[in-house]
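Below you'll find the structure, written out as structure tokens, and then a few comments.
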Amino acid sequence: MRSYRRLAAACALALLCAPGTCLRTPVPADAPRELDMRRIAGAAATADPAWQRASVWHLEAPASLKFGGYSAMFMLGERRLRAFSDRGFRLTFTLPDVPPLAPGSAPETTDIARMIVGEDRLQWQLWDIEAATRDPANGDYWLAYENTHAIHRFSLPSEPEGVRLLEDEVDWYDNGGLEALVRLADGRFVGIPEGRDEALIYPGDPVEGGAPEPVPFAVPTAGFAVTDMAQLPDGRLLMLLRDTAWGLPPFTSALAIADPPPADPAERTVWRARLLLDLDAILPRENYEGLAIAPQDDGRIAIWLISDDNFSALQRTLLAKLVFDPRGRAAMKKARRSPGAPLHVQ
């Protein structure tokens, strides 16, 4: 029965993407200079005391081929986010819930620009950006491309610094490459390809060389795939999951968590993630593909999510903020251990 539901959801997804070319008027090629962020949902508690929905915004811009399709994201300082699209563009914008800068400060403008990959021969190959990760020490960041399997490093001002083409190293389908890539605090890189039951562990910067070590990987729920991940301050990896499901839009989403893979290959068996939060219960359903985290001064962690609208007239670019309080989870575990305490776990 599940296979029939997945087939129906896949058909709905195909129909959902079709209006992007069938129902829209001709779309200008110029990059929009304005970004409207309209809040569509406010704060709300969840069944898990460690989690709260802060807000959800609908991101809109004047019609353009350069806006939309965001599949990766990271924090850029404390006030700004940078998202990347599967058409090769980056979007840099100020968080919608931060206070204005002091009078006299330089204005924070929205910026949409095409990623310049350096070599002309690669410019038309490296465009389908699906994952991004950053070194907080120097600002360098890495992008992973899906249609052409590659990992590309950029400097803080987005100057290309090196690329590694993976075509001769992997046997992935054209549309089944890296969906998630994260630089760990210890300098290793972990990548997860779409629809595969393995992850790749690079001992250092993948652009500089070094063969990756494959490790078997298991998602917590069959059918889900990892679309992005980021490392939490305690070292664990937060993962954004997505699956197709019946409905409009035909997506279901969740968050999972996993310990980092052991550094010693001899200690690795199957690397497993465990389900953490059902996003359908607290967010509008959409095709969430980008994830960024921002530790707060009070010990809580802001979790930012962005959706890929597939350039469809029937989908939206949504930006969601969740707040995770590790102390709330600890309190919940303590309550579960207390005799006679009521269970209230999502």
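Chain labels follow the order of the structure tokens: the first chain is A, the next B, and so on; residue numbering restarts at 1 in every chain, and ligands are counted from 1 in their shown order.
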Q) Quick one: DSSP alpha helix (DSSP H) residues in range 16-260 of chain A, as a list in words? A) Leu16, Cys17, Pro19, Gly20, Thr21, Cys22, Asp120, Arg121, Leu122 and Gln123 of chain A
7 Å contact set for Met229 in chain A, only C-alpha atoms, chain neighbours under 4 positions out, as a PDB file with C-alpha atoms, in the first residue's frame:
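What follows is the written file part_20.pdb:
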ATOM      1  CA  ALA A 180      23.678  17.303   2.642  1.00  0.00           C
ATOM      2  CA  LEU A 181      27.239  18.326   3.479  1.00  0.00           C
ATOM      3  CA  VAL A 182      28.609  19.491   6.821  1.00  0.00           C
ATOM      4  CA  LEU A 237      24.219  16.492  13.935  1.00  0.00           C
ATOM      5  CA  LEU A 238      20.749  17.884  13.315  1.00  0.00           C
ATOM      6  CA  MET A 239      19.235  16.534  10.101  1.00  0.00           C
ATOM      7  CA  LEU A 240      16.340  17.792   8.000  1.00  0.00           C
ATOM      8  CA  LEU A 291      18.765  24.178   7.442  1.00  0.00           C
TER       9      LEU A 291
END
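Counting only C-alpha atoms, Gly204 in chain A has the following residues at most 12 Å away, ignoring those fewer than 5 positions along the same chain: Asp135, Val182, Arg183, Leu184, Ala185, Asp186, Gly187, Arg188, Phe189, Val190, Gly209, Gly210, Ala211, Pro212, Glu213 and Ala263 of chain A.
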Q | Spatial neighbours of Ala131 in chain A, max dist 7 Å, only C-alpha atoms, sep filter under 5 positions, as a PyMOL selection string | A | chain A and resi 71-72+143-144+179-181+228
Could you please take those selected residues and save N, CA, C and O atoms as an mmCIF file, in the first residue's frame?
data_model
loop_
_atom_site.group_PDB
_atom_site.id
_atom_site.type_symbol
_atom_site.label_atom_id
_atom_site.label_comp_id
_atom_site.auth_asym_id
_atom_site.auth_seq_id
_atom_site.Cartn_x
_atom_site.Cartn_y
_atom_site.Cartn_z
ATOM 1 N N SER A 71 17.815 25.359 -1.716
ATOM 2 C CA SER A 71 18.033 23.998 -1.241
ATOM 3 C C SER A 71 19.128 23.889 -0.188
ATOM 4 O O SER A 71 19.409 22.789 0.278
ATOM 5 N N ALA A 72 19.779 24.996 0.161
ATOM 6 C CA ALA A 72 20.862 24.965 1.143
ATOM 7 C C ALA A 72 20.945 26.337 1.800
ATOM 8 O O ALA A 72 20.563 27.349 1.207
ATOM 9 N N LEU A 143 30.163 24.341 -1.336
ATOM 10 C CA LEU A 143 28.887 24.003 -1.943
ATOM 11 C C LEU A 143 28.984 22.628 -2.591
ATOM 12 O O LEU A 143 30.024 22.276 -3.165
ATOM 13 N N ALA A 144 27.904 21.865 -2.508
ATOM 14 C CA ALA A 144 27.817 20.571 -3.181
ATOM 15 C C ALA A 144 26.754 20.665 -4.266
ATOM 16 O O ALA A 144 25.665 21.201 -4.034
ATOM 17 N N GLU A 179 23.035 15.629 -1.086
ATOM 18 C CA GLU A 179 21.935 16.473 -0.621
ATOM 19 C C GLU A 179 22.307 17.214 0.651
ATOM 20 O O GLU A 179 21.691 18.234 0.976
ATOM 21 N N ALA A 180 23.277 16.694 1.375
ATOM 22 C CA ALA A 180 23.678 17.303 2.642
ATOM 23 C C ALA A 180 25.190 17.200 2.772
ATOM 24 O O ALA A 180 25.790 16.185 2.429
ATOM 25 N N LEU A 181 25.789 18.273 3.257
ATOM 26 C CA LEU A 181 27.239 18.326 3.479
ATOM 27 C C LEU A 181 27.485 19.192 4.702
ATOM 28 O O LEU A 181 26.940 20.297 4.812
ATOM 29 N N ASP A 228 19.348 18.204 4.393
ATOM 30 C CA ASP A 228 20.362 19.128 4.889
ATOM 31 C C ASP A 228 20.710 18.715 6.307
ATOM 32 O O ASP A 228 19.968 17.966 6.968
#
Which residues of range 37-81 of chain A sit at most 12 Å from range 96-111 of chain A, using only C-alpha atoms? Give each one's shortest atom pair and distance in Å (one decimal place), in chain and ascending residue order, as JSON lines.
{"residue": "A:Met37", "atom": "CA", "partner": "A:Pro96", "partner_atom": "CA", "distance": 7.0}
{"residue": "A:Arg38", "atom": "CA", "partner": "A:Pro96", "partner_atom": "CA", "distance": 9.0}
{"residue": "A:Arg39", "atom": "CA", "partner": "A:Pro96", "partner_atom": "CA", "distance": 8.9}
{"residue": "A:Gly42", "atom": "CA", "partner": "A:Asp97", "partner_atom": "CA", "distance": 11.4}
{"residue": "A:Ala54", "atom": "CA", "partner": "A:Asp97", "partner_atom": "CA", "distance": 9.8}
{"residue": "A:Ser55", "atom": "CA", "partner": "A:Asp97", "partner_atom": "CA", "distance": 8.9}
{"residue": "A:Val56", "atom": "CA", "partner": "A:Pro96", "partner_atom": "CA", "distance": 9.9}
{"residue": "A:Trp57", "atom": "CA", "partner": "A:Pro96", "partner_atom": "CA", "distance": 8.3}
{"residue": "A:His58", "atom": "CA", "partner": "A:Pro96", "partner_atom": "CA", "distance": 10.7}
{"residue": "A:Leu59", "atom": "CA", "partner": "A:Pro96", "partner_atom": "CA", "distance": 10.2}
{"residue": "A:Ala61", "atom": "CA", "partner": "A:Thr110", "partner_atom": "CA", "distance": 10.6}
{"residue": "A:Lys66", "atom": "CA", "partner": "A:Asp111", "partner_atom": "CA", "distance": 11.0}
{"residue": "A:Phe67", "atom": "CA", "partner": "A:Asp111", "partner_atom": "CA", "distance": 10.6}
{"residue": "A:Glu78", "atom": "CA", "partner": "A:Val98", "partner_atom": "CA", "distance": 9.4}
{"residue": "A:Arg79", "atom": "CA", "partner": "A:Val98", "partner_atom": "CA", "distance": 6.8}
{"residue": "A:Arg80", "atom": "CA", "partner": "A:Glu108", "partner_atom": "CA", "distance": 8.8}
{"residue": "A:Leu81", "atom": "CA", "partner": "A:Pro96", "partner_atom": "CA", "distance": 10.0}
Contact residues around Val323 in chain A with only C-alpha atoms at 6 Å, ignoring same-chain residues under 3 positions, as a PDB file with N, CA and C atoms, in the first residue's frame:
ATOM      1  N   TRP A  51      11.014  22.166  22.326  1.00  0.00           N
ATOM      2  CA  TRP A  51      10.877  22.815  21.033  1.00  0.00           C
ATOM      3  C   TRP A  51       9.726  23.813  21.032  1.00  0.00           C
ATOM      4  N   GLN A  52       9.927  24.900  20.311  1.00  0.00           N
ATOM      5  CA  GLN A  52       8.881  25.896  20.120  1.00  0.00           C
ATOM      6  C   GLN A  52       8.967  26.433  18.694  1.00  0.00           C
ATOM      7  N   ILE A 301      18.842  27.396  21.039  1.00  0.00           N
ATOM      8  CA  ILE A 301      19.382  27.338  19.684  1.00  0.00           C
ATOM      9  C   ILE A 301      18.263  27.655  18.703  1.00  0.00           C
ATOM     10  N   ALA A 302      18.487  28.645  17.848  1.00  0.00           N
ATOM     11  CA  ALA A 302      17.532  28.952  16.783  1.00  0.00           C
ATOM     12  C   ALA A 302      17.799  28.030  15.603  1.00  0.00           C
ATOM     13  N   ILE A 303      16.742  27.425  15.101  1.00  0.00           N
ATOM     14  CA  ILE A 303      16.817  26.532  13.947  1.00  0.00           C
ATOM     15  C   ILE A 303      16.056  27.195  12.805  1.00  0.00           C
TER      16      ILE A 303
END
Could you produce a table of the residues of range 67-149 of chain A lying within 12 Å of range 156-174 of chain A, with the nearest pair of atoms per residue and their separation in Å rounded to one decimal, using only C-alpha atoms, ordered by chain and increasing residue number, as a tab-separated table?
residue	atom	partner	partner_atom	distance
A:Leu76	CA	A:Leu156	CA	9.4
A:Gly77	CA	A:Leu156	CA	11.1
A:Arg82	CA	A:Ser158	CA	11.3
A:Phe89	CA	A:Ser158	CA	11.6
A:Arg90	CA	A:Ser158	CA	9.8
A:Thr92	CA	A:Ser158	CA	11.7
A:Ala113	CA	A:Ser158	CA	10.2
A:Arg114	CA	A:Ser158	CA	10.2
A:Met115	CA	A:Ser158	CA	7.6
A:Ile116	CA	A:Pro160	CA	7.0
A:Val117	CA	A:Pro160	CA	5.6
A:Gly118	CA	A:Pro160	CA	5.9
A:Glu119	CA	A:Pro160	CA	9.2
A:Leu122	CA	A:Val163	CA	9.7
A:Gln123	CA	A:Pro160	CA	11.4
A:Gln125	CA	A:Leu165	CA	10.5
A:Leu126	CA	A:Leu165	CA	9.8
A:Asp128	CA	A:Asp174	CA	10.6
A:Thr133	CA	A:Leu156	CA	12.0
A:Arg134	CA	A:Leu156	CA	9.2
A:Asp135	CA	A:Leu156	CA	9.5
A:Pro136	CA	A:Leu156	CA	9.9
A:Ala137	CA	A:Leu156	CA	10.5
A:Asn138	CA	A:Leu156	CA	7.4
A:Gly139	CA	A:Leu156	CA	4.7
A:Asp140	CA	A:Leu156	CA	5.1
A:Tyr141	CA	A:Leu156	CA	7.1
A:Trp142	CA	A:Val163	CA	9.2
A:Leu143	CA	A:Val163	CA	9.4
A:Ala144	CA	A:Arg164	CA	9.7
A:Tyr145	CA	A:Leu165	CA	9.6
A:Glu146	CA	A:Asp174	CA	6.8
A:Asn147	CA	A:Asp174	CA	4.8
A:Thr148	CA	A:Asp174	CA	6.7
A:His149	CA	A:Leu166	CA	5.2
Q) What lies within 10 Å of range 268-271 of chain A using only C-alpha atoms, ignoring chain neighbours under 2 positions off, as a VMD selection string? A) chain A and resid 197 to 199 215 to 219 258 to 266 273
